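Step one of this worksheet: look at the structure below.
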Amino acid sequence: LLQLPLTIGGAVGAASATGVPATNARDDVFVVQGLLNNIDAAGGGASPKLVFDGLIGPLTVAAIRRFQQTQLGFQDGRVDPGQITIARLNVLAAVRCVRIHLKVLTNPTIPSATMITTMRRVFAQAAIGVELVSTQNLTLPLLNDLNVGSCPRGTTGPTTPDQDALFTNQDGIGPNEMAVYLVRSTIPPLNGCSTHPPGPFIRPGVTVVQAASAFTLAHEVAHVLGLDHLTTEAGCTTPDFNRLMTGCGTANITRLAPLLDATEIATLRSAAFLFAC
Ligand SMILES: [Zn+2]
């Protein structure tokens with residue numbers, strides 16, 4: 001069938017007519033919930049929105065049935081890989097993609113593959129796919145402890161000479177695709193930094209350090225796509241570790257897939273650095 005941007009590895013939802021249970025792998029359920037939540041009610045989307053928890057239950061199965069009945073004229077409450085329901089979900093949710101190029105100075109303690117998997121899980125709730133386009137190792141010892149200055153979030157500067165030099169390493173990165181520089185550390189010490197030099201010849205991107213959390217990559221890319229920190233944490237006296245955009249340390253996040261609110265999802269989906277996919 002089609003190559004879909006948001007795919008599932010096994011079935012999600014109810015048992016088949018012959019009684020075969022769906023696998024309901026958690027990452028597959030996240031994908032289906034994210035798709036259903038990004039389709040409006042008139043188009044058969046979840047109404048009310050599902051809790052994005054990756055767990056199958058009666059509300060998610062009912063939402064699958066409602067989508068199928070609205071869009072496909074049947075309902076078995078089950079989304080099978082490579083079949084019509086997952087294909088139609090991708091179309092109706094208007095899935096978009098962010099394209100990532102890894103530039104590795106130092107491999108992070110939490111493997112970059114885990115960071116990408118985590119980012120895919122989180123961004124599925126905005127019906128955004130994550131394409132890892134290339135990985136390149138760079139030997140740049142003088143930039144491995146990168147001076148990032150004040151690191152203004154998600155902006156094109158001011159950048160430091162270190163950042164300007166690092167971001168000239170753009171092999172293979174197309175316009176609006178995203179560079180992710182994996183460095184040993186930053187000066188001052190941060191988990192990551194989303195400041196990037198201005199385009200058009202320098203692509204947008206982020207820096208992630210060796211000691212970063214599993215969520216740092218998703219968090220920093222979200223800054224580049226237009227999200228700022230939560231405004232409700234009162235200088236971290238009331239931190240919200242259920243949310244991707246906590247400003248109080250992504251290492252403290254307690255959910256498998258930290259949440260984005262409706263405003264954040266709308267901002268992400270309207271970002272310039274996304275592709276039809
Ligand atoms: Zn941040």
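In the structure tokens, chains take letters A, B, ... by order of appearance, with residues numbered from 1 within each chain and ligands from 1 in the order shown.
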
Subject >> Exercise answer, 9 Å around ligand 1 with only C-alpha atoms and all ligand atoms, as a PyMOL selection string >> reply: chain A and resi 153-154+191-194+216+219-220+222-223+227-229+245-250

**OP:** May I have all residues of stretch 116-237 of chain A that DSSP, computed from the backbone, assigns to strand (DSSP E), given as an MDAnalysis selection string?
**Re:** chainID A and resid 128:137 145:147 178:183 185:187 192:193 205:209

**OP:** Do a neighbour search on A:Ser47 at 9 Å with only C-alpha atoms, toss out local chain neighbours closer than 2 positions, and write the hits as a list in words.
**Re:** Leu36, Asn37, Asp40, Ala41, Gly44, Gly45, Lys49, Leu50 and Ala63 of chain A

Output C-alpha atoms of each residue in that selection to a file, as a PDB file, in the first residue's frame.
ATOM      1  CA  LEU A  36      -7.906  10.833  15.932  1.00  0.00           C
ATOM      2  CA  ASN A  37      -7.307  13.938  18.064  1.00  0.00           C
ATOM      3  CA  ASP A  40     -12.252  17.533  13.576  1.00  0.00           C
ATOM      4  CA  ALA A  41     -15.443  16.015  14.890  1.00  0.00           C
ATOM      5  CA  GLY A  44     -14.993  11.667  12.333  1.00  0.00           C
ATOM      6  CA  GLY A  45     -12.256  12.734  14.737  1.00  0.00           C
ATOM      7  CA  LYS A  49     -10.412  14.498  22.505  1.00  0.00           C
ATOM      8  CA  LEU A  50      -8.800  11.321  23.828  1.00  0.00           C
ATOM      9  CA  ALA A  63     -13.420   6.869  18.617  1.00  0.00           C
TER      10      ALA A  63
END

Would you give me, as a tab-separated table, each residue of stretch 45-132 of chain A having an atom within 12 Å of an atom of stretch 18-21 of chain A, along with its shortest atom pair and that distance in Å to one decimal, using only C-alpha atoms and sorting by chain and residue number?
residue	atom	partner	partner_atom	distance
A:Ile56	CA	A:Pro21	CA	11.8
A:Asp76	CA	A:Thr18	CA	11.4
A:Gly77	CA	A:Pro21	CA	11.4
A:Arg78	CA	A:Pro21	CA	9.6
A:Val79	CA	A:Pro21	CA	11.6
A:Asp80	CA	A:Pro21	CA	11.3

Original post:
Got a sec: who's within 12 Å of stretch 10-16 of chain A, counting only C-alpha atoms, leaving out chain neighbours fewer than 3 positions off, as a PyMOL selection string?
Top reply: chain A and resi 7+19-33+54-65+75-83+85-86

Original post:
Where in stretch 9-250 of chain A does DSSP assign helix (DSSP H, G or I), given as a ChimeraX atom specification?
Top reply: /A:26-37,41-43,58-72,84-92,112-126,141-143,161-166,216-224,234-236,250

Original post:
Quick one: residues within 7 Å of stretch 254-267 of chain A, only C-alpha atoms counted, chain neighbours fewer than 5 positions away excluded, as JSON, numbers by chain?
Top reply: {"A": [121, 122, 126, 226, 227, 241, 242, 243, 244]}

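Considering the residues A:Ile128, A:Ala271, A:Val206, A:Leu138 and counting only C-alpha atoms, A:Pro152 has its shortest atom-to-atom contact with A:Val206.
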
Subject >> Residue neighbourhood A:Leu142, 10 Å, only C-alpha atoms, exclusion window fewer than 4 positions, as a PyMOL selection string >> reply: chain A and resi 146+162+166

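With only C-alpha atoms as the atoms that count, the minimum distance from A:Gln163 to the choices A:Pro175, A:Gly149, A:Ser134, A:Ala87 is reached by A:Gly149.
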
Original post:
Any idea what's packed within 8 Å of A:Phe273, counting only C-alpha atoms, ignoring anything in its chain fewer than 6 positions away? Could you give it as a list in words?
Top reply: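 Everything that qualifies: Val98, Asn176, Glu177, Met178 and Leu225 of chain A.
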
Would you put the residues from that selection into a file with N, CA, C and O atoms, as a PDB file, in the first residue's frame?
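The result, written out as part_12.pdb:
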ATOM      1  N   VAL A  98       8.690  16.725  10.079  1.00  0.00           N
ATOM      2  CA  VAL A  98       9.906  17.491  10.311  1.00  0.00           C
ATOM      3  C   VAL A  98      11.072  16.582   9.918  1.00  0.00           C
ATOM      4  O   VAL A  98      11.048  15.376  10.187  1.00  0.00           O
ATOM      5  N   ASN A 176      14.926  24.456   5.067  1.00  0.00           N
ATOM      6  CA  ASN A 176      13.919  24.208   6.103  1.00  0.00           C
ATOM      7  C   ASN A 176      14.039  22.850   6.781  1.00  0.00           C
ATOM      8  O   ASN A 176      13.234  22.521   7.638  1.00  0.00           O
ATOM      9  N   GLU A 177      15.021  22.033   6.398  1.00  0.00           N
ATOM     10  CA  GLU A 177      15.291  20.823   7.160  1.00  0.00           C
ATOM     11  C   GLU A 177      16.108  21.215   8.388  1.00  0.00           C
ATOM     12  O   GLU A 177      16.662  22.308   8.461  1.00  0.00           O
ATOM     13  N   MET A 178      16.175  20.323   9.353  1.00  0.00           N
ATOM     14  CA  MET A 178      16.675  20.711  10.666  1.00  0.00           C
ATOM     15  C   MET A 178      17.961  19.980  11.010  1.00  0.00           C
ATOM     16  O   MET A 178      18.030  18.764  10.893  1.00  0.00           O
ATOM     17  N   LEU A 225      10.369  25.334  16.385  1.00  0.00           N
ATOM     18  CA  LEU A 225       9.081  25.359  15.694  1.00  0.00           C
ATOM     19  C   LEU A 225       8.111  26.367  16.316  1.00  0.00           C
ATOM     20  O   LEU A 225       6.957  26.439  15.910  1.00  0.00           O
TER      21      LEU A 225
END
